[in-house]
$ cat protein05.cif   # mmCIF, C-alpha atoms
data_protein
loop_
_atom_site.label_atom_id
_atom_site.label_comp_id
_atom_site.auth_asym_id
_atom_site.auth_seq_id
_atom_site.Cartn_x
_atom_site.Cartn_y
_atom_site.Cartn_z
CA MET A 1 163.30 182.72 85.72
CA ARG A 2 164.92 180.26 88.10
CA VAL A 3 161.62 179.70 89.97
CA TYR A 4 159.70 179.39 86.71
CA LEU A 5 162.11 176.77 85.35
CA ARG A 6 162.27 174.90 88.67
CA ASN A 7 158.47 174.62 88.58
CA ARG A 8 158.53 172.89 85.17
CA CYS A 9 157.61 176.17 83.46
CA ASP A 10 154.22 176.14 85.16
CA ARG A 11 153.29 179.77 85.68
CA ARG A 12 150.72 178.95 88.36
CA LEU A 13 153.28 177.11 90.48
CA ALA A 14 155.82 179.92 90.04
CA VAL A 15 153.20 182.51 91.03
CA ALA A 16 152.34 180.54 94.16
CA GLU A 17 156.00 180.15 95.17
CA LEU A 18 156.83 183.80 94.54
CA HIS A 19 153.59 185.16 96.07
CA LEU A 20 153.12 187.45 93.07
CA HIS A 21 150.26 188.33 90.76
CA PRO A 22 150.30 186.24 87.56
CA ASN A 23 150.69 189.36 85.42
CA CYS A 24 153.84 190.27 87.35
CA VAL A 25 155.42 186.91 86.51
CA ASP A 26 154.40 187.30 82.86
CA HIS A 27 155.91 190.78 82.77
CA ARG A 28 159.19 189.59 84.31
CA LEU A 29 159.45 186.70 81.86
CA SER A 30 158.83 189.02 78.92
CA ARG A 31 161.49 191.46 80.16
CA LEU A 32 163.97 188.61 80.49
CA ALA A 33 163.14 187.50 76.95
CA GLU A 34 163.84 191.02 75.68
CA ALA A 35 167.08 191.31 77.65
CA PHE A 36 168.57 187.92 76.79
CA GLY A 37 167.06 187.15 73.39
CA PHE A 38 165.34 183.90 74.26
CA ASP A 39 161.89 183.14 75.60
CA ALA A 40 161.64 180.62 78.45
CA THR A 41 157.89 180.36 77.86
CA ASP A 42 158.55 178.93 74.38
CA PRO A 43 158.94 175.15 74.68
CA ALA A 44 161.48 175.12 71.85
CA GLN A 45 163.70 177.59 73.75
CA ARG A 46 163.47 176.16 77.28
CA ALA A 47 166.62 174.09 76.89
CA LEU A 48 168.55 177.28 76.19
CA ALA A 49 167.16 178.87 79.35
CA HIS A 50 168.12 175.83 81.43
CA THR A 51 171.58 175.76 79.90
CA ALA A 52 172.12 179.46 80.55
CA MET A 53 171.21 179.02 84.21
CA CYS A 54 173.54 176.02 84.54
CA VAL A 55 176.43 177.93 82.96
CA ARG A 56 175.79 180.88 85.27
CA ASP A 57 175.73 178.62 88.32
CA LEU A 58 178.93 176.87 87.26
CA ALA A 59 180.73 180.17 86.68
CA ALA A 60 179.61 181.45 90.09
CA HIS A 61 180.72 178.21 91.73
CA ARG A 62 184.15 178.39 90.13
CA ALA A 63 184.51 181.99 91.23
CA GLY A 64 183.58 181.00 94.78
CA ARG A 65 180.21 182.72 94.83
CA SER A 66 176.77 181.27 95.37
CA ALA A 67 174.19 181.57 92.57
#

$ encode --input "protein05.cif" --output "structure tokens"
Amino acid sequence: MRVYLRNRCDRRLAVAELHLHPNCVDHRLSRLAEAFGFDATDPAQRALAHTAMCVRDLAAHRAGRSA
């Protein structure tokens, strides 16, 4: 999800960076949506995905771990 969000939610750019088949990226995004209850591919829910990643990174930083 981090790569997808970093690439402005452009699946083609994420696929190129990850060196994966497009269907693999789609599958991973759908599994994340099922696991966390929000869909990063939905424009209305992208802010929640970004916020969740920022909170995770901040918590890791405060605990002395890298994200």

$ residues_around --input "protein05.cif" --residues "Pro22 of chain A" --least-positions-apart "3" --cutoff "8 Å" --atoms "all atoms listed in the file" --output "ChimeraX atom specification"
/A:11-12,15,25-26

$ resolve_selection --input "protein05.cif" --expression "the PyMOL selection byres ((chain A and resi 36) around 12)" --output "ChimeraX atom specification"
/A:1,29-35,37-40,45,48-49,52-53

$ closest_residue --input "protein05.cif" --among "A:Arg65, A:Thr41, A:Asp10, A:Ala60" --to "Arg28 of chain A" --atoms "all atoms listed in the file"
A:Thr41

$ atom_distance --input "protein05.cif" --atom1 "atom CA of Tyr4 of chain A" --atom2 "atom CA of Leu20 of chain A"
12.2 Å

$ atom_distance --input "protein05.cif" --atom1 "atom CA of Ala59 of chain A" --atom2 "atom CA of Ala47 of chain A"
18.2 Å

$ atom_distance --input "protein05.cif" --atom1 "atom CA of Arg46 of chain A" --atom2 "atom CA of Ala63 of chain A"
25.9 Å

$ closest_residue --input "protein05.cif" --among "A:Cys9, A:Arg2, A:Arg62, A:Asn23" --to "Asp42 of chain A" --atoms "all atoms listed in the file"
A:Cys9

$ build_atoms --input "protein05.cif" --residues "segment 39-65 of chain A" --atoms "N, CA, C and O atoms" --output "PDB file, in the coordinates of the input"
ATOM      1  N   ASP A  39     163.158 183.120  74.879  1.00  0.00           N
ATOM      2  CA  ASP A  39     161.890 183.140  75.600  1.00  0.00           C
ATOM      3  C   ASP A  39     161.694 181.812  76.333  1.00  0.00           C
ATOM      4  O   ASP A  39     161.469 180.779  75.701  1.00  0.00           O
ATOM      5  N   ALA A  40     161.784 181.845  77.646  1.00  0.00           N
ATOM      6  CA  ALA A  40     161.640 180.620  78.450  1.00  0.00           C
ATOM      7  C   ALA A  40     160.223 180.068  78.402  1.00  0.00           C
ATOM      8  O   ALA A  40     160.014 178.913  78.762  1.00  0.00           O
ATOM      9  N   THR A  41     159.253 180.861  77.960  1.00  0.00           N
ATOM     10  CA  THR A  41     157.890 180.360  77.860  1.00  0.00           C
ATOM     11  C   THR A  41     157.672 179.580  76.562  1.00  0.00           C
ATOM     12  O   THR A  41     156.668 178.900  76.423  1.00  0.00           O
ATOM     13  N   ASP A  42     158.622 179.667  75.637  1.00  0.00           N
ATOM     14  CA  ASP A  42     158.550 178.930  74.380  1.00  0.00           C
ATOM     15  C   ASP A  42     159.175 177.555  74.594  1.00  0.00           C
ATOM     16  O   ASP A  42     160.370 177.455  74.888  1.00  0.00           O
ATOM     17  N   PRO A  43     158.394 176.490  74.437  1.00  0.00           N
ATOM     18  CA  PRO A  43     158.940 175.150  74.680  1.00  0.00           C
ATOM     19  C   PRO A  43     160.208 174.844  73.876  1.00  0.00           C
ATOM     20  O   PRO A  43     161.095 174.145  74.358  1.00  0.00           O
ATOM     21  N   ALA A  44     160.312 175.382  72.682  1.00  0.00           N
ATOM     22  CA  ALA A  44     161.480 175.120  71.850  1.00  0.00           C
ATOM     23  C   ALA A  44     162.735 175.820  72.384  1.00  0.00           C
ATOM     24  O   ALA A  44     163.851 175.431  72.053  1.00  0.00           O
ATOM     25  N   GLN A  45     162.564 176.831  73.238  1.00  0.00           N
ATOM     26  CA  GLN A  45     163.700 177.590  73.750  1.00  0.00           C
ATOM     27  C   GLN A  45     164.019 177.300  75.221  1.00  0.00           C
ATOM     28  O   GLN A  45     164.965 177.851  75.771  1.00  0.00           O
ATOM     29  N   ARG A  46     163.262 176.444  75.844  1.00  0.00           N
ATOM     30  CA  ARG A  46     163.470 176.160  77.280  1.00  0.00           C
ATOM     31  C   ARG A  46     164.821 175.546  77.568  1.00  0.00           C
ATOM     32  O   ARG A  46     165.445 175.841  78.591  1.00  0.00           O
ATOM     33  N   ALA A  47     165.308 174.706  76.674  1.00  0.00           N
ATOM     34  CA  ALA A  47     166.620 174.090  76.890  1.00  0.00           C
ATOM     35  C   ALA A  47     167.699 175.150  76.965  1.00  0.00           C
ATOM     36  O   ALA A  47     168.626 175.048  77.779  1.00  0.00           O
ATOM     37  N   LEU A  48     167.579 176.190  76.158  1.00  0.00           N
ATOM     38  CA  LEU A  48     168.550 177.280  76.190  1.00  0.00           C
ATOM     39  C   LEU A  48     168.490 178.007  77.531  1.00  0.00           C
ATOM     40  O   LEU A  48     169.527 178.336  78.110  1.00  0.00           O
ATOM     41  N   ALA A  49     167.301 178.219  78.052  1.00  0.00           N
ATOM     42  CA  ALA A  49     167.160 178.870  79.350  1.00  0.00           C
ATOM     43  C   ALA A  49     167.787 178.026  80.458  1.00  0.00           C
ATOM     44  O   ALA A  49     168.509 178.547  81.313  1.00  0.00           O
ATOM     45  N   HIS A  50     167.518 176.726  80.433  1.00  0.00           N
ATOM     46  CA  HIS A  50     168.120 175.830  81.430  1.00  0.00           C
ATOM     47  C   HIS A  50     169.641 175.827  81.322  1.00  0.00           C
ATOM     48  O   HIS A  50     170.344 175.886  82.331  1.00  0.00           O
ATOM     49  N   THR A  51     170.139 175.771  80.109  1.00  0.00           N
ATOM     50  CA  THR A  51     171.580 175.760  79.900  1.00  0.00           C
ATOM     51  C   THR A  51     172.218 177.048  80.393  1.00  0.00           C
ATOM     52  O   THR A  51     173.270 177.019  81.050  1.00  0.00           O
ATOM     53  N   ALA A  52     171.590 178.174  80.100  1.00  0.00           N
ATOM     54  CA  ALA A  52     172.120 179.460  80.550  1.00  0.00           C
ATOM     55  C   ALA A  52     172.200 179.520  82.073  1.00  0.00           C
ATOM     56  O   ALA A  52     173.191 180.012  82.627  1.00  0.00           O
ATOM     57  N   MET A  53     171.193 179.010  82.748  1.00  0.00           N
ATOM     58  CA  MET A  53     171.210 179.020  84.210  1.00  0.00           C
ATOM     59  C   MET A  53     172.302 178.096  84.745  1.00  0.00           C
ATOM     60  O   MET A  53     172.989 178.436  85.709  1.00  0.00           O
ATOM     61  N   CYS A  54     172.490 176.943  84.112  1.00  0.00           N
ATOM     62  CA  CYS A  54     173.540 176.020  84.540  1.00  0.00           C
ATOM     63  C   CYS A  54     174.927 176.630  84.348  1.00  0.00           C
ATOM     64  O   CYS A  54     175.793 176.517  85.225  1.00  0.00           O
ATOM     65  N   VAL A  55     175.141 177.285  83.222  1.00  0.00           N
ATOM     66  CA  VAL A  55     176.430 177.930  82.960  1.00  0.00           C
ATOM     67  C   VAL A  55     176.679 179.029  83.977  1.00  0.00           C
ATOM     68  O   VAL A  55     177.781 179.170  84.513  1.00  0.00           O
ATOM     69  N   ARG A  56     175.651 179.813  84.278  1.00  0.00           N
ATOM     70  CA  ARG A  56     175.790 180.880  85.270  1.00  0.00           C
ATOM     71  C   ARG A  56     176.143 180.297  86.637  1.00  0.00           C
ATOM     72  O   ARG A  56     177.030 180.801  87.327  1.00  0.00           O
ATOM     73  N   ASP A  57     175.460 179.252  87.029  1.00  0.00           N
ATOM     74  CA  ASP A  57     175.730 178.620  88.320  1.00  0.00           C
ATOM     75  C   ASP A  57     177.144 178.043  88.382  1.00  0.00           C
ATOM     76  O   ASP A  57     177.833 178.179  89.392  1.00  0.00           O
ATOM     77  N   LEU A  58     177.581 177.417  87.295  1.00  0.00           N
ATOM     78  CA  LEU A  58     178.930 176.870  87.260  1.00  0.00           C
ATOM     79  C   LEU A  58     179.986 177.969  87.351  1.00  0.00           C
ATOM     80  O   LEU A  58     180.952 177.846  88.091  1.00  0.00           O
ATOM     81  N   ALA A  59     179.782 179.050  86.630  1.00  0.00           N
ATOM     82  CA  ALA A  59     180.730 180.170  86.680  1.00  0.00           C
ATOM     83  C   ALA A  59     180.789 180.771  88.080  1.00  0.00           C
ATOM     84  O   ALA A  59     181.871 181.081  88.581  1.00  0.00           O
ATOM     85  N   ALA A  60     179.640 180.910  88.722  1.00  0.00           N
ATOM     86  CA  ALA A  60     179.610 181.450  90.090  1.00  0.00           C
ATOM     87  C   ALA A  60     180.314 180.496  91.047  1.00  0.00           C
ATOM     88  O   ALA A  60     181.051 180.932  91.934  1.00  0.00           O
ATOM     89  N   HIS A  61     180.078 179.198  90.866  1.00  0.00           N
ATOM     90  CA  HIS A  61     180.720 178.210  91.730  1.00  0.00           C
ATOM     91  C   HIS A  61     182.251 178.262  91.605  1.00  0.00           C
ATOM     92  O   HIS A  61     182.981 178.239  92.594  1.00  0.00           O
ATOM     93  N   ARG A  62     182.702 178.336  90.364  1.00  0.00           N
ATOM     94  CA  ARG A  62     184.150 178.390  90.130  1.00  0.00           C
ATOM     95  C   ARG A  62     184.772 179.667  90.668  1.00  0.00           C
ATOM     96  O   ARG A  62     185.934 179.668  91.047  1.00  0.00           O
ATOM     97  N   ALA A  63     183.999 180.729  90.708  1.00  0.00           N
ATOM     98  CA  ALA A  63     184.510 181.990  91.230  1.00  0.00           C
ATOM     99  C   ALA A  63     184.354 182.071  92.755  1.00  0.00           C
ATOM    100  O   ALA A  63     184.745 183.061  93.359  1.00  0.00           O
ATOM    101  N   GLY A  64     183.732 181.037  93.338  1.00  0.00           N
ATOM    102  CA  GLY A  64     183.580 181.000  94.780  1.00  0.00           C
ATOM    103  C   GLY A  64     182.368 181.762  95.303  1.00  0.00           C
ATOM    104  O   GLY A  64     182.303 182.085  96.481  1.00  0.00           O
ATOM    105  N   ARG A  65     181.432 182.019  94.423  1.00  0.00           N
ATOM    106  CA  ARG A  65     180.210 182.720  94.830  1.00  0.00           C
ATOM    107  C   ARG A  65     179.037 181.752  94.737  1.00  0.00           C
ATOM    108  O   ARG A  65     179.062 180.805  93.984  1.00  0.00           O
TER     109      ARG A  65
END
